Amino acid sequence: MAACRMTENVLQHQPVLLAEVIVGLGIKSEGVYVDATFGRGGHAQSILSQLSPTGRLLAMDKDQQAIDYACQFFNDSRFTIQQGSFAGLAEFVKQQGLYGKVDGILCDLGVSSPQLDDPERGFSFMRAGKLDMRMDTSRGMDAATWLASVSAEELARVFYSTGRAW
Ligand SMILES: C[S@@+](CC[C@H](N)C(=O)[O-])C[C@H]1O[C@@H](n2cnc3c(N)ncnc32)[C@H](O)[C@@H]1O
């Protein structure tokens, strides 16, 4: 389902509000669940531990390093991960033949600790590094390249349109 690479990048992420998330999902042991932002799978691991052999967990993440981590540490027939944006979640669920059967979806939005810890990713406010800032580094343009090419007006427009409260 997802293209895996062997990785030595095993930086961990502490899942936030783990107990609350598990209670909130109200997990049925035979149910179908989606983790739309897998990260390093802290929530996913806990969801899997509540599922019976017929339960399913589908997961997504944009970040290849998250996918590599899943390939290495989530060898479980109840679990399937796909690299990509959760904007494509409905399509992924359809491909798995589980459309209309999902019992709960978790979206733990934002950056993961490994993305912050690695200065090369450009998200760190603790360590200097190239300003990349892409969740999926195989697509699009890094933030440094974009900043070097953009006009002040365009920069202001993007900050305004993506940063305002709705
Ligand atoms: C806060 S972390 C999730 C941590 C995870 N719950 C855990 O326990 O390890 C957020 C994750 O969402 C991913 N992400 C951000 N935007 C995304 C998007 N549009 N689609 C899919 N994944 C996304 C990031 O790559 C990151 O791994």
# chains A, B, ... in the order shown; residues from 1 in each chain; ligands from 1
>>> residues_near_ligand(ligand="ligand 1", cutoff="8 Å", atoms="only C-alpha atoms and all ligand atoms", output="number ranges by chain")
A: 12-16, 35-44, 60-63, 66, 83-87, 107-113, 115, 135-136
>>> residues_around(residues="A:Glu30", least_positions_apart="4", cutoff="10 Å", atoms="only C-alpha atoms", output="MDAnalysis selection string")
chainID A and resid 50:56 103
>>> select_by_dssp(residues="chain A", states="strand (DSSP E or B)", output="list of chain:residue names")
A:Val32, A:Tyr33, A:Val34, A:Asp35, A:Arg56, A:Leu57, A:Leu58, A:Ala59, A:Met60, A:Asp61, A:Phe79, A:Thr80, A:Ile81, A:Gln82, A:Gln83, A:Gly104, A:Ile105, A:Leu106
>>> write_last_selection(atoms="all heavy atoms", output="compact mmCIF listing (two decimals), in the first residue's frame")
# COMPACT_ATOMS: atom_id res chain seq x y z
N VAL A 32 -13.86 -0.36 12.85
CA VAL A 32 -12.93 0.15 11.84
C VAL A 32 -12.59 1.58 12.22
O VAL A 32 -13.49 2.42 12.37
CB VAL A 32 -13.58 0.13 10.43
CG1 VAL A 32 -12.63 0.73 9.40
CG2 VAL A 32 -13.99 -1.28 10.05
N TYR A 33 -11.30 1.85 12.36
CA TYR A 33 -10.86 3.18 12.79
C TYR A 33 -9.83 3.74 11.82
O TYR A 33 -9.17 2.98 11.09
CB TYR A 33 -10.30 3.11 14.23
CG TYR A 33 -11.42 2.76 15.18
CD1 TYR A 33 -11.73 1.43 15.45
CD2 TYR A 33 -12.24 3.75 15.70
CE1 TYR A 33 -12.82 1.10 16.24
CE2 TYR A 33 -13.33 3.43 16.49
CZ TYR A 33 -13.61 2.10 16.76
OH TYR A 33 -14.70 1.79 17.52
N VAL A 34 -9.75 5.07 11.81
CA VAL A 34 -8.79 5.74 10.94
C VAL A 34 -7.94 6.68 11.78
O VAL A 34 -8.48 7.47 12.56
CB VAL A 34 -9.51 6.57 9.84
CG1 VAL A 34 -8.50 7.36 9.02
CG2 VAL A 34 -10.34 5.66 8.94
N ASP A 35 -6.63 6.57 11.63
CA ASP A 35 -5.71 7.56 12.19
C ASP A 35 -5.19 8.37 11.01
O ASP A 35 -4.35 7.90 10.24
CB ASP A 35 -4.56 6.85 12.92
CG ASP A 35 -3.59 7.84 13.56
OD1 ASP A 35 -3.67 9.04 13.24
OD2 ASP A 35 -2.73 7.40 14.35
N ARG A 56 -10.10 -3.19 12.33
CA ARG A 56 -9.18 -2.64 11.33
C ARG A 56 -8.76 -1.23 11.72
O ARG A 56 -9.55 -0.46 12.29
CB ARG A 56 -9.87 -2.55 9.95
CG ARG A 56 -10.11 -3.86 9.26
CD ARG A 56 -8.84 -4.52 8.74
NE ARG A 56 -8.03 -3.68 7.88
CZ ARG A 56 -8.22 -3.54 6.56
NH1 ARG A 56 -9.19 -4.19 5.96
NH2 ARG A 56 -7.43 -2.75 5.85
N LEU A 57 -7.52 -0.89 11.41
CA LEU A 57 -7.03 0.48 11.57
C LEU A 57 -6.37 0.90 10.27
O LEU A 57 -5.40 0.29 9.83
CB LEU A 57 -6.04 0.58 12.73
CG LEU A 57 -5.40 1.96 12.91
CD1 LEU A 57 -6.45 3.02 13.24
CD2 LEU A 57 -4.32 1.93 13.99
N LEU A 58 -6.95 1.94 9.65
CA LEU A 58 -6.33 2.55 8.46
C LEU A 58 -5.61 3.80 8.93
O LEU A 58 -6.12 4.52 9.80
CB LEU A 58 -7.39 2.93 7.42
CG LEU A 58 -8.33 1.83 6.96
CD1 LEU A 58 -9.26 2.36 5.88
CD2 LEU A 58 -7.54 0.63 6.44
N ALA A 59 -4.45 4.07 8.35
CA ALA A 59 -3.69 5.25 8.76
C ALA A 59 -3.14 5.97 7.55
O ALA A 59 -2.92 5.37 6.49
CB ALA A 59 -2.54 4.83 9.69
N MET A 60 -2.94 7.27 7.73
CA MET A 60 -2.34 8.11 6.68
C MET A 60 -1.31 9.03 7.31
O MET A 60 -1.42 9.39 8.47
CB MET A 60 -3.39 8.98 5.99
CG MET A 60 -4.45 8.21 5.24
SD MET A 60 -5.40 9.30 4.16
CE MET A 60 -4.32 9.39 2.73
N ASP A 61 -0.35 9.42 6.53
CA ASP A 61 0.54 10.52 6.90
C ASP A 61 1.20 11.00 5.60
O ASP A 61 1.45 10.20 4.70
CB ASP A 61 1.62 10.10 7.91
CG ASP A 61 2.14 11.29 8.72
OD1 ASP A 61 2.80 12.18 8.12
OD2 ASP A 61 1.88 11.36 9.93
N PHE A 79 -3.74 -3.60 10.17
CA PHE A 79 -3.27 -2.22 9.98
C PHE A 79 -2.85 -1.99 8.53
O PHE A 79 -2.10 -2.79 7.96
CB PHE A 79 -2.08 -1.99 10.91
CG PHE A 79 -1.42 -0.65 10.77
CD1 PHE A 79 -1.97 0.49 11.33
CD2 PHE A 79 -0.22 -0.52 10.06
CE1 PHE A 79 -1.35 1.73 11.20
CE2 PHE A 79 0.41 0.70 9.94
CZ PHE A 79 -0.15 1.83 10.50
N THR A 80 -3.32 -0.88 7.93
CA THR A 80 -2.87 -0.48 6.59
C THR A 80 -2.59 1.00 6.60
O THR A 80 -3.41 1.79 7.09
CB THR A 80 -3.99 -0.76 5.54
OG1 THR A 80 -4.45 -2.09 5.70
CG2 THR A 80 -3.48 -0.56 4.13
N ILE A 81 -1.44 1.38 6.04
CA ILE A 81 -1.11 2.81 6.00
C ILE A 81 -0.89 3.24 4.55
O ILE A 81 -0.45 2.44 3.72
CB ILE A 81 0.13 3.14 6.86
CG1 ILE A 81 0.29 4.65 7.03
CG2 ILE A 81 1.42 2.50 6.30
CD1 ILE A 81 1.20 5.07 8.17
N GLN A 82 -1.26 4.48 4.27
CA GLN A 82 -1.03 5.08 2.95
C GLN A 82 -0.37 6.44 3.12
O GLN A 82 -0.80 7.22 3.98
CB GLN A 82 -2.35 5.25 2.20
CG GLN A 82 -2.19 5.96 0.88
CD GLN A 82 -3.42 5.85 0.01
OE1 GLN A 82 -3.70 4.80 -0.57
NE2 GLN A 82 -4.18 6.91 -0.06
N GLN A 83 0.64 6.69 2.30
CA GLN A 83 1.25 8.03 2.33
C GLN A 83 0.38 8.99 1.55
O GLN A 83 -0.04 8.70 0.43
CB GLN A 83 2.66 8.02 1.73
CG GLN A 83 3.32 9.39 1.88
CD GLN A 83 4.73 9.45 1.33
OE1 GLN A 83 5.13 8.59 0.58
NE2 GLN A 83 5.45 10.48 1.71
N GLY A 104 -14.70 5.44 13.70
CA GLY A 104 -14.09 6.61 14.34
C GLY A 104 -12.85 7.05 13.59
O GLY A 104 -12.15 6.23 13.00
N ILE A 105 -12.63 8.37 13.60
CA ILE A 105 -11.47 8.95 12.91
C ILE A 105 -10.72 9.84 13.89
O ILE A 105 -11.33 10.67 14.57
CB ILE A 105 -11.91 9.81 11.69
CG1 ILE A 105 -12.70 8.96 10.70
CG2 ILE A 105 -10.71 10.45 11.01
CD1 ILE A 105 -13.27 9.74 9.51
N LEU A 106 -9.40 9.66 13.95
CA LEU A 106 -8.55 10.54 14.76
C LEU A 106 -7.72 11.43 13.85
O LEU A 106 -7.04 10.94 12.95
CB LEU A 106 -7.61 9.69 15.64
CG LEU A 106 -6.52 10.47 16.37
CD1 LEU A 106 -7.12 11.43 17.39
CD2 LEU A 106 -5.53 9.52 17.04
>>> select_by_dssp(residues="stretch 5-131 of chain A", states="helix (DSSP H, G or I)", output="PyMOL selection string")
chain A and resi 18-25+42-50+64-73+86-95+113-117+119-121
>>> closest_residue(among="A:Arg157, A:Gly122, A:Gln96, A:Leu25", to="A:Thr137", atoms="only C-alpha atoms")
A:Gly122
>>> atom_distance(atom1="atom CA of A:Tyr99", atom2="atom CA of A:Ser29")
18.4 Å
